[in-house]
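To be precise, the following lines are structure_20.cif, and they hold mmCIF, C-alpha atoms.
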```
data_start
loop_
_atom_site.label_atom_id
_atom_site.label_comp_id
_atom_site.auth_asym_id
_atom_site.auth_seq_id
_atom_site.Cartn_x
_atom_site.Cartn_y
_atom_site.Cartn_z
CA MET O 248 -60.31 -6.69 -7.26
CA LYS O 249 -65.79 -9.61 -0.89
CA TYR O 250 -67.71 -8.14 6.20
CA SER O 251 -74.07 -7.42 11.38
CA SER O 252 -72.88 -8.59 14.76
CA CYS O 253 -73.13 -12.34 15.46
CA ALA O 254 -73.60 -13.00 11.77
CA PHE O 255 -70.33 -11.26 11.03
CA LEU O 256 -68.41 -13.18 13.65
CA LEU O 257 -69.76 -16.52 12.52
CA SER O 258 -69.25 -15.83 8.83
CA VAL O 259 -65.49 -15.59 9.16
CA LEU O 260 -65.01 -19.17 10.37
CA ILE O 261 -63.25 -21.21 7.71
CA ALA O 262 -63.66 -24.94 7.36
CA ALA O 263 -60.36 -26.74 7.74
CA THR O 264 -61.01 -28.73 4.60
CA ALA O 265 -60.87 -25.59 2.48
CA PHE O 266 -57.08 -25.74 2.54
CA ALA O 267 -56.94 -29.42 1.65
CA GLN O 268 -58.55 -28.96 -1.74
CA ALA O 269 -56.23 -29.82 -4.60
CA PRO O 270 -56.26 -27.46 -7.60
CA GLY O 271 -59.27 -28.19 -9.77
CA ARG O 272 -61.20 -30.08 -7.09
CA ALA O 273 -64.56 -28.78 -5.98
CA ALA O 274 -65.26 -27.19 -2.61
CA GLY O 275 -67.95 -24.91 -1.24
CA ALA O 276 -70.55 -27.70 -1.15
CA GLY O 277 -74.07 -26.39 -0.85
CA THR O 278 -73.30 -23.05 -2.46
CA GLY O 279 -73.25 -24.17 -6.09
CA GLN O 280 -69.52 -23.41 -6.28
CA GLU O 281 -68.76 -27.09 -6.79
CA ARG O 282 -69.99 -26.77 -10.38
CA VAL O 283 -67.14 -24.41 -11.23
CA VAL O 284 -63.66 -25.92 -11.40
CA VAL O 285 -60.27 -25.01 -12.82
CA ASP O 286 -59.80 -27.11 -15.95
CA ASP O 287 -56.42 -28.17 -17.34
CA LYS O 288 -56.15 -25.32 -19.85
CA THR O 289 -56.96 -22.72 -17.21
CA GLU O 290 -54.48 -24.27 -14.80
CA GLN O 291 -51.73 -24.02 -17.40
CA VAL O 292 -52.51 -20.35 -17.86
CA ILE O 293 -52.44 -19.78 -14.10
CA ARG O 294 -49.07 -21.48 -13.78
CA GLY O 295 -47.66 -19.44 -16.63
CA ALA O 296 -49.01 -16.21 -15.13
CA LEU O 297 -47.44 -16.96 -11.76
CA LYS O 298 -44.09 -17.54 -13.46
CA TYR O 299 -44.47 -14.19 -15.21
CA LEU O 300 -45.26 -12.38 -11.97
CA ALA O 301 -42.36 -14.06 -10.17
CA SER O 302 -40.01 -12.95 -12.97
CA LYS O 303 -41.06 -9.31 -12.50
CA GLN O 304 -40.30 -9.09 -8.79
CA ASN O 305 -37.74 -6.45 -7.86
CA SER O 306 -34.64 -7.21 -5.82
CA ASN O 307 -36.23 -5.64 -2.72
CA GLY O 308 -39.23 -8.00 -2.98
CA SER O 309 -41.64 -5.47 -4.47
CA TRP O 310 -43.54 -5.21 -7.72
CA MET O 311 -44.20 -1.98 -9.57
CA ALA O 312 -46.80 -0.69 -11.99
CA SER O 313 -45.45 -0.24 -15.48
CA ASP O 314 -47.22 2.85 -16.74
CA GLY O 315 -44.88 5.40 -15.21
CA GLU O 316 -46.33 5.02 -11.73
CA ARG O 317 -44.35 3.05 -9.20
CA GLN O 318 -47.07 2.13 -6.66
CA GLU O 319 -44.84 -0.55 -5.11
CA VAL O 320 -46.95 -1.05 -1.97
CA ALA O 321 -50.23 -1.45 -3.87
CA MET O 322 -48.76 -3.64 -6.61
CA THR O 323 -47.00 -5.87 -4.10
CA GLY O 324 -50.28 -6.28 -2.25
CA TYR O 325 -52.15 -7.25 -5.40
CA VAL O 326 -49.51 -9.77 -6.49
CA LEU O 327 -49.29 -11.37 -3.05
CA ILE O 328 -53.07 -11.80 -2.95
CA THR O 329 -52.81 -13.56 -6.30
CA PHE O 330 -50.12 -15.99 -5.11
CA LEU O 331 -52.12 -16.70 -1.95
CA SER O 332 -55.28 -17.33 -3.96
CA CYS O 333 -53.32 -19.99 -5.86
CA GLY O 334 -52.19 -21.72 -2.66
CA HIS O 335 -48.64 -20.35 -2.41
CA LEU O 336 -47.52 -19.38 1.09
CA PRO O 337 -44.22 -17.95 2.37
CA ASP O 338 -41.36 -20.44 2.02
CA GLU O 339 -43.70 -23.16 0.77
CA GLY O 340 -43.76 -24.61 -2.74
CA GLU O 341 -42.51 -23.37 -6.07
CA HIS O 342 -43.08 -19.68 -5.33
CA GLY O 343 -42.51 -19.71 -1.59
CA LYS O 344 -39.37 -17.57 -1.71
CA THR O 345 -41.11 -15.08 -3.99
CA VAL O 346 -44.00 -14.74 -1.54
CA THR O 347 -41.63 -14.39 1.41
CA ALA O 348 -39.71 -11.59 -0.29
CA GLY O 349 -42.95 -9.74 -1.07
CA VAL O 350 -44.18 -10.06 2.52
CA ASN O 351 -40.84 -8.82 3.82
CA PHE O 352 -41.06 -5.78 1.57
CA LEU O 353 -44.43 -4.81 3.02
CA LEU O 354 -43.31 -5.43 6.61
CA ASN O 355 -40.20 -3.33 6.08
CA ASN O 356 -42.31 -0.43 4.82
CA VAL O 357 -44.72 -0.20 7.75
CA ARG O 358 -43.84 2.96 9.63
CA PRO O 359 -44.25 3.41 13.42
CA ASP O 360 -47.47 5.42 12.95
CA GLY O 361 -49.12 2.50 11.10
CA THR O 362 -48.81 3.92 7.61
CA PHE O 363 -46.78 2.53 4.74
CA ALA O 364 -44.01 4.36 2.96
CA PRO O 365 -45.36 7.16 0.70
CA ILE O 366 -47.67 6.01 -2.07
CA GLY O 367 -50.06 7.83 -4.39
CA HIS O 368 -53.80 7.75 -3.64
CA TYR O 369 -52.63 6.60 -0.25
CA MET O 370 -55.52 4.58 1.19
CA TYR O 371 -55.88 2.51 -1.97
CA GLY O 372 -52.42 1.06 -1.52
CA HIS O 373 -52.79 0.88 2.24
CA GLY O 374 -55.96 -1.17 1.92
CA VAL O 375 -54.54 -3.65 -0.58
CA ALA O 376 -51.31 -4.15 1.35
CA SER O 377 -53.24 -4.58 4.61
CA ILE O 378 -55.39 -7.29 2.99
CA ALA O 379 -52.28 -9.15 1.88
CA LEU O 380 -50.64 -9.01 5.32
CA ALA O 381 -53.88 -10.09 7.02
CA GLU O 382 -54.21 -13.09 4.73
CA VAL O 383 -50.58 -14.06 5.29
CA TYR O 384 -50.91 -13.81 9.06
CA GLY O 385 -54.22 -15.67 9.07
CA GLN O 386 -52.69 -18.62 7.25
CA THR O 387 -49.21 -18.68 8.81
CA LYS O 388 -49.48 -16.98 12.25
CA ASP O 389 -46.01 -15.62 11.59
CA PRO O 390 -45.20 -13.64 14.79
CA ARG O 391 -43.35 -11.01 12.76
CA VAL O 392 -46.54 -10.08 10.94
CA ARG O 393 -49.04 -9.51 13.74
CA PRO O 394 -47.60 -6.31 15.28
CA LYS O 395 -47.24 -4.68 11.87
CA LEU O 396 -50.72 -5.83 10.88
CA GLU O 397 -52.16 -4.37 14.10
CA GLN O 398 -50.52 -1.06 13.27
CA VAL O 399 -51.89 -0.78 9.75
CA ILE O 400 -55.36 -1.92 10.82
CA ARG O 401 -55.40 0.69 13.59
CA THR O 402 -54.73 3.32 10.93
CA ILE O 403 -57.78 2.13 9.00
CA ILE O 404 -60.02 2.20 12.08
CA GLU O 405 -58.86 5.66 13.10
CA SER O 406 -59.29 7.18 9.64
CA GLN O 407 -62.96 6.17 9.17
CA ASN O 408 -64.99 9.34 8.67
CA ALA O 409 -68.25 10.37 10.37
CA GLU O 410 -70.34 8.90 7.56
CA GLY O 411 -68.63 5.51 7.96
CA GLY O 412 -66.40 5.50 4.91
CA TRP O 413 -62.84 6.25 3.85
CA ARG O 414 -61.10 8.49 1.30
CA TYR O 415 -57.63 8.90 -0.20
CA ASN O 416 -55.77 10.12 2.88
CA PRO O 417 -55.53 8.46 6.30
CA ARG O 418 -57.69 11.15 7.89
CA PRO O 419 -61.41 10.99 8.80
CA ASN O 420 -62.49 13.77 6.45
CA ASP O 421 -64.24 12.41 3.37
CA ALA O 422 -65.29 9.09 1.81
CA ASP O 423 -66.07 7.28 -1.43
CA ILE O 424 -67.08 3.72 -2.22
CA SER O 425 -63.90 2.79 -4.12
CA VAL O 426 -61.59 3.55 -1.20
CA THR O 427 -64.05 2.28 1.40
CA VAL O 428 -64.23 -1.23 -0.05
CA LEU O 429 -60.51 -1.88 0.38
CA GLN O 430 -60.52 -0.80 4.01
CA VAL O 431 -63.59 -2.93 4.77
CA VAL O 432 -62.05 -6.00 3.15
CA ALA O 433 -58.85 -5.43 5.12
CA LEU O 434 -60.88 -5.28 8.34
CA ARG O 435 -62.63 -8.54 7.42
CA ALA O 436 -59.33 -10.24 6.63
CA ALA O 437 -57.86 -9.02 9.91
CA LYS O 438 -60.94 -10.27 11.78
CA ASN O 439 -60.49 -13.65 10.10
CA ALA O 440 -56.88 -13.66 11.29
CA GLY O 441 -57.87 -13.11 14.93
CA LEU O 442 -57.57 -9.35 15.41
CA ASP O 443 -60.22 -7.50 17.41
CA ILE O 444 -62.22 -5.24 15.09
CA PRO O 445 -64.75 -2.91 16.77
CA GLN O 446 -68.29 -3.79 15.74
CA VAL O 447 -69.16 -0.09 15.56
CA THR O 448 -66.58 0.29 12.77
CA ILE O 449 -68.30 -2.45 10.76
CA ASP O 450 -71.79 -1.08 11.43
CA ARG O 451 -70.79 2.42 10.32
CA ALA O 452 -69.23 1.04 7.15
CA VAL O 453 -72.45 -0.80 6.28
CA LYS O 454 -74.40 2.41 6.82
CA TYR O 455 -72.10 4.29 4.44
CA VAL O 456 -72.36 1.66 1.71
CA HIS O 457 -76.16 1.72 1.98
CA SER O 458 -76.10 5.48 1.54
CA CYS O 459 -74.55 5.03 -1.92
CA TYR O 460 -77.39 2.84 -3.20
CA ASP O 461 -79.48 4.14 -6.10
CA ARG O 462 -82.97 2.65 -5.82
CA ARG O 463 -83.96 3.65 -9.35
CA GLU O 464 -81.23 1.65 -11.07
CA GLY O 465 -80.35 -0.94 -8.44
CA GLY O 466 -76.66 -0.05 -8.45
CA PHE O 467 -74.34 2.02 -6.31
CA THR O 468 -72.85 5.46 -6.80
CA TYR O 469 -69.32 6.75 -6.16
CA GLN O 470 -70.56 8.81 -3.21
CA PRO O 471 -74.11 9.32 -1.86
CA GLY O 472 -76.00 11.02 -4.69
CA ASN O 473 -72.78 11.61 -6.65
CA ARG O 474 -72.81 10.28 -10.25
CA ARG O 475 -74.86 7.44 -11.68
CA PRO O 476 -74.31 3.86 -10.59
CA GLY O 477 -71.48 2.06 -12.37
CA TYR O 478 -70.16 -1.50 -12.69
CA ALA O 479 -67.03 -1.05 -10.58
CA ARG O 480 -68.80 1.02 -7.93
CA THR O 481 -71.61 -1.54 -7.61
CA ALA O 482 -69.20 -4.47 -7.47
CA ALA O 483 -67.25 -2.73 -4.71
CA ALA O 484 -70.42 -2.01 -2.75
CA ILE O 485 -71.93 -5.50 -2.76
CA TYR O 486 -68.52 -6.97 -1.96
CA SER O 487 -68.30 -4.58 1.00
CA LEU O 488 -71.74 -5.54 2.28
CA GLN O 489 -70.94 -9.23 2.10
CA VAL O 490 -67.63 -8.99 3.90
CA CYS O 491 -69.54 -7.10 6.60
CA GLY O 492 -71.79 -10.15 6.94
CA GLN O 493 -74.75 -8.73 5.00
CA TYR O 494 -75.11 -11.75 2.70
CA ASP O 495 -78.91 -11.59 2.51
CA ASP O 496 -79.16 -7.83 2.15
CA PRO O 497 -81.64 -7.07 -0.68
CA GLN O 498 -79.17 -4.53 -2.04
CA VAL O 499 -76.65 -7.32 -2.64
CA ALA O 500 -79.10 -9.17 -4.87
CA ALA O 501 -80.10 -5.97 -6.65
CA GLY O 502 -76.46 -5.05 -7.14
CA ALA O 503 -75.66 -8.47 -8.61
CA ASP O 504 -78.50 -8.04 -11.11
CA PHE O 505 -77.07 -4.64 -11.99
CA LEU O 506 -73.67 -6.20 -12.71
CA PHE O 507 -75.10 -8.71 -15.16
CA GLN O 508 -77.23 -6.07 -16.85
CA ASN O 509 -74.15 -3.87 -17.27
CA ARG O 510 -71.46 -6.49 -17.86
CA GLN O 511 -70.44 -4.95 -21.18
CA GLU O 512 -69.43 -1.74 -19.44
CA ARG O 513 -65.73 -1.14 -20.04
CA GLU O 514 -65.04 1.62 -17.52
CA TRP O 515 -62.44 0.41 -15.01
CA PHE O 516 -62.78 -3.19 -16.24
CA THR O 517 -59.88 -4.68 -14.29
CA TYR O 518 -60.56 -2.76 -11.11
CA GLY O 519 -64.28 -3.55 -11.28
CA ASN O 520 -63.80 -7.26 -11.77
CA PHE O 521 -61.32 -7.42 -8.89
CA TYR O 522 -64.45 -6.79 -6.76
CA ALA O 523 -67.12 -8.42 -8.94
CA ALA O 524 -65.42 -11.82 -8.89
CA PRO O 525 -65.31 -12.32 -5.10
CA ALA O 526 -68.70 -10.61 -4.66
CA LEU O 527 -70.41 -13.03 -7.05
CA TYR O 528 -68.36 -15.97 -5.79
CA MET O 529 -69.69 -15.35 -2.30
CA ILE O 530 -73.25 -15.29 -3.63
CA GLY O 531 -72.49 -18.65 -5.25
CA GLY O 532 -74.90 -20.87 -7.15
CA ASP O 533 -76.07 -19.89 -10.60
CA THR O 534 -74.82 -16.35 -10.07
CA TRP O 535 -71.19 -17.36 -9.63
CA GLU O 536 -71.38 -20.02 -12.34
CA ALA O 537 -72.81 -17.54 -14.85
CA TYR O 538 -70.12 -14.96 -14.09
CA TYR O 539 -67.19 -17.37 -14.26
CA THR O 540 -68.52 -19.03 -17.41
CA GLN O 541 -68.69 -15.63 -19.08
CA ILE O 542 -65.39 -14.15 -18.00
CA LYS O 543 -63.16 -17.24 -18.28
CA PRO O 544 -63.13 -17.54 -22.09
CA MET O 545 -62.77 -13.78 -22.33
CA LEU O 546 -59.62 -13.85 -20.21
CA LEU O 547 -58.17 -17.01 -21.76
CA GLY O 548 -58.60 -15.54 -25.23
CA ALA O 549 -56.60 -12.42 -24.40
CA THR O 550 -53.38 -13.86 -22.99
CA ARG O 551 -49.91 -13.09 -24.26
CA GLN O 552 -47.00 -15.46 -23.95
CA GLN O 553 -43.23 -15.33 -23.46
CA GLY O 554 -41.94 -18.90 -23.45
CA GLU O 555 -43.57 -20.55 -20.44
CA MET O 556 -44.70 -17.21 -19.04
CA ILE O 557 -48.21 -15.83 -19.64
CA TYR O 558 -49.49 -12.33 -19.00
CA TRP O 559 -52.19 -9.80 -19.96
CA GLU O 560 -52.16 -6.21 -21.15
CA PRO O 561 -54.88 -3.75 -20.02
CA ARG O 562 -56.84 -3.99 -23.27
CA TRP O 563 -60.31 -3.44 -21.75
CA ASP O 564 -59.63 -0.44 -19.55
CA GLY O 565 -59.76 2.33 -22.14
CA GLY O 566 -56.12 3.20 -21.64
CA ARG O 567 -56.57 3.61 -17.89
CA GLY O 568 -54.98 0.35 -16.77
CA VAL O 569 -51.68 0.37 -14.96
CA GLY O 570 -49.92 -2.25 -17.01
CA PRO O 571 -49.47 -6.02 -17.20
CA ILE O 572 -48.47 -6.60 -13.56
CA TYR O 573 -51.81 -5.32 -12.30
CA CYS O 574 -53.88 -7.00 -15.02
CA THR O 575 -52.06 -10.32 -14.73
CA SER O 576 -52.50 -10.31 -10.96
CA VAL O 577 -56.23 -9.60 -11.08
CA TYR O 578 -57.08 -11.94 -13.95
CA THR O 579 -55.05 -14.80 -12.47
CA MET O 580 -56.81 -14.34 -9.13
CA ILE O 581 -60.20 -14.51 -10.86
CA LEU O 582 -59.34 -17.67 -12.78
CA ALA O 583 -57.98 -19.30 -9.62
CA MET O 584 -60.96 -18.62 -7.38
CA PRO O 585 -62.43 -22.14 -7.85
CA TYR O 586 -59.33 -23.45 -6.01
CA HIS O 587 -61.01 -22.08 -2.83
CA TYR O 588 -57.65 -21.37 -1.20
CA LEU O 589 -58.25 -17.84 0.11
CA PRO O 590 -60.21 -17.75 3.40
CA LEU O 591 -61.24 -14.17 2.67
CA TYR O 592 -63.53 -15.31 -0.13
CA GLN O 593 -65.41 -17.90 1.94
CA ARG O 594 -68.76 -17.04 3.49
#
```
File written out as structure tokens:
Amino acid sequence: MKYSSCAFLLSVLIAATAFAQAPGRAAGAGTGQERVVVDDKTEQVIRGALKYLASKQNSNGSWMASDGERQEVAMTGYVLITFLSCGHLPDEGEHGKTVTAGVNFLLNNVRPDGTFAPIGHYMYGHGVASIALAEVYGQTKDPRVRPKLEQVIRTIIESQNAEGGWRYNPRPNDADISVTVLQVVALRAAKNAGLDIPQVTIDRAVKYVHSCYDRREGGFTYQPGNRRPGYARTAAAIYSLQVCGQYDDPQVAAGADFLFQNRQEREWFTYGNFYAAPALYMIGGDTWEAYYTQIKPMLLGATRQQGEMIYWEPRWDGGRGVGPIYCTSVYTMILAMPYHYLPLYQR
């Protein structure tokens, strides 16, 4: 659930042809990504999942978690990222109105101080929603979006702590890798969209991620020296390093090896793969092909269906998933990554 100075600036440039790729056609030439395509069966599942998500949108344009937690800002961010990763933009195509309503919900909930309306585990939702708005602005240049995006990105920059990371609240007090990754990805997406992101913010974030590396196991911990490395934590870390431009960092390669060695780990499955998929996609080649080849049949074999609509339940998360909206969003995004529609996932 994937931002060094000149290298960072250059890495965000997106080839114009990326948006001209039809679903199922190969892109990413030279990275090995052309070997992974969306086949007909997978495309049918994606279409059914998008219909399911569209049917669950609330009248105010939001989506909610379905496990007793509302989390409208976070869930709306996740779902919008999924529609964007499938090539659906505001007021364009089959789901254009759905996307527009979701974007309007987020814009309407940005407060003057650059925070969103109250949400639990605040910076999680803030990060996801900021990513969604940055991707929308980057692809549409909608003038309504930029001032709100600048506000929420300023909140991220100002709440980075002394170690270079972020924590639950929009204050520079503490940090952990799971919150940090979302803020870093939002900064990368905003940079892609044309906003000015201080290089010192990126450099400090890289330093924090490095501090969570466990040399003995090759993975990353929740905080420096806190807990053993885990799948989700490592996926978040190597995704963070890559979006900061650290594509050739030895810790990225070591972290990818850790993911494959621990791929049967079930802790935070959905959350972990939300980061693992783009992290391994950006590595490309055999690494991406091996990951997609493994996870695709797993996901396709676990779908549920209501007429033309397809969705997933959080069966792999040990009871800690937040319902079908979240799972369906993340799994659809993963299956759709070979479309190459989302600039954020391009090196």
>> Every residue with an atom at most 9 Å from (-73.9, -16.6, -7.6) (file coordinates; all atoms listed in the file) is what I'm after, so could you write them as a list in words?
In response: Thr278, Gly279, Gln280, Ala503, Ala526, Leu527, Tyr528, Met529, Ile530, Gly531, Gly532, Asp533, Thr534, Trp535, Glu536, Ala537 and Tyr538 of chain O
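Shortest atom-to-atom contact with His373 (chain O) among O:Pro417, O:Gly502, O:Gly412, O:Gly466: O:Pro417, counting all atoms listed in the file.
Checking O:Ala422, O:Ala296, O:Cys491, O:Cys574 one by one against Cys333 (chain O), counting only C-alpha atoms, you find the shortest gap at O:Ala296.
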> So which residues get picked by the PyMOL selection byres ((chain O and resi 520) around 8) here, written as a list in words?
Replying inline: Met248, Ala479, Ala482, Phe516, Thr517, Tyr518, Gly519, Phe521, Tyr522, Ala523, Ala524 and Val577 of chain O
>> Just checking: using all atoms listed in the file, which residue out of O:Ala501, O:Ala379, O:Ala409, O:Leu396 ends up closest to Thr329 (chain O)?
In response: O:Ala379
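Interatomic distance, CA of Thr575 (chain O) against CA of Met311 (chain O): 12.6 Å.
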> Just how far from CA of Ala500 (chain O) is CA of Gly411 (chain O), in Å to one decimal?
Replying inline: 22.1 Å
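A straight line drawn from CA of Ser458 (chain O) to CA of Tyr369 (chain O) is 23.6 Å long.
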>> Residues within 8 Å of (-56.1, -2.6, 9.4), file coordinates, counting only C-alpha atoms: what are they? Give the list as a list in words.
In response: Gly374, Ser377, Ile378, Leu396, Glu397, Gln398, Val399, Ile400, Arg401, Thr402, Ile403, Ile404, Gln430, Ala433, Leu434 and Ala437 of chain O
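Minimum atom-to-atom distance to Leu297 (chain O), evaluated using only C-alpha atoms, belongs to O:Gly334 out of O:Gly334, O:Gly477, O:Gly465, O:Pro561.
Minimum atom-to-atom distances from O:Thr481, O:Gln318, O:Thr427, O:Gln386 to Gln498 (chain O) were compared using all atoms listed in the file, and the lowest value belongs to O:Thr481.
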>> Just want the 12 Å neighbourhood of Arg474 (chain O), counted on only C-alpha atoms, with same-chain residues fewer than 4 positions away dropped. Output as a PyMOL selection string.
In response: chain O and resi 423-424+459-461+466-470+480
Starting from the shown file, work through the PyMOL selection byres ((chain O and resi 548-556) around 7) and note down what comes out as a JSON list (two decimals) with C-alpha atoms, in the coordinates of the input.
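So expr_9.json came out as:
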```json
[["chain", "number", "residue", "atom", "x", "y", "z"],
["O", 295, "GLY", "CA", -47.66, -19.44, -16.63],
["O", 296, "ALA", "CA", -49.01, -16.21, -15.13],
["O", 298, "LYS", "CA", -44.09, -17.54, -13.46],
["O", 299, "TYR", "CA", -44.47, -14.19, -15.21],
["O", 544, "PRO", "CA", -63.13, -17.54, -22.09],
["O", 545, "MET", "CA", -62.77, -13.78, -22.33],
["O", 546, "LEU", "CA", -59.62, -13.85, -20.21],
["O", 547, "LEU", "CA", -58.17, -17.01, -21.76],
["O", 557, "ILE", "CA", -48.21, -15.83, -19.64],
["O", 558, "TYR", "CA", -49.49, -12.33, -19.00],
["O", 559, "TRP", "CA", -52.19, -9.80, -19.96]]
```
Give me the residues near Leu354 (chain O) as a short mmCIF file (atom, residue, chain, number, x, y, z; two decimals) with C-alpha atoms, in the frame of the given file, where near means some atom within 9 Å (using all atoms listed in the file) and where sequence neighbours in that chain fewer than 3 positions away do not count.
```
data_model
loop_
_atom_site.label_atom_id
_atom_site.label_comp_id
_atom_site.auth_asym_id
_atom_site.auth_seq_id
_atom_site.Cartn_x
_atom_site.Cartn_y
_atom_site.Cartn_z
CA GLY O 349 -42.95 -9.74 -1.07
CA VAL O 350 -44.18 -10.06 2.52
CA ASN O 351 -40.84 -8.82 3.82
CA VAL O 357 -44.72 -0.20 7.75
CA ARG O 358 -43.84 2.96 9.63
CA PHE O 363 -46.78 2.53 4.74
CA LEU O 380 -50.64 -9.01 5.32
CA ARG O 391 -43.35 -11.01 12.76
CA VAL O 392 -46.54 -10.08 10.94
CA LYS O 395 -47.24 -4.68 11.87
CA LEU O 396 -50.72 -5.83 10.88
#
```
Find the axis-aligned box for region 536-549 of chain O, covering all its listed atoms and adding 6 Å on each side, and write its centre and edge lengths in Å to one decimal as JSON.
```
{"center_x": -64.7, "center_y": -16.2, "center_z": -18.8, "size_x": 28.2, "size_y": 19.6, "size_z": 24.9}
```
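Under the PyMOL selection byres ((chain O and resi 408) around 9), the matching residues in the shown file are Glu405, Ser406, Gln407, Ala409, Glu410, Gly411, Gly412, Trp413, Arg414, Arg418, Pro419, Asn420, Asp421 and Ala422 of chain O.
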>> Env of region 305-308 of chain O: 7 Å cut, atoms = only C-alpha atoms, seq-sep filter 2 positions within chain, self excluded. Answer as a ChimeraX atom specification.
In response: /O:303,310,348-349,352
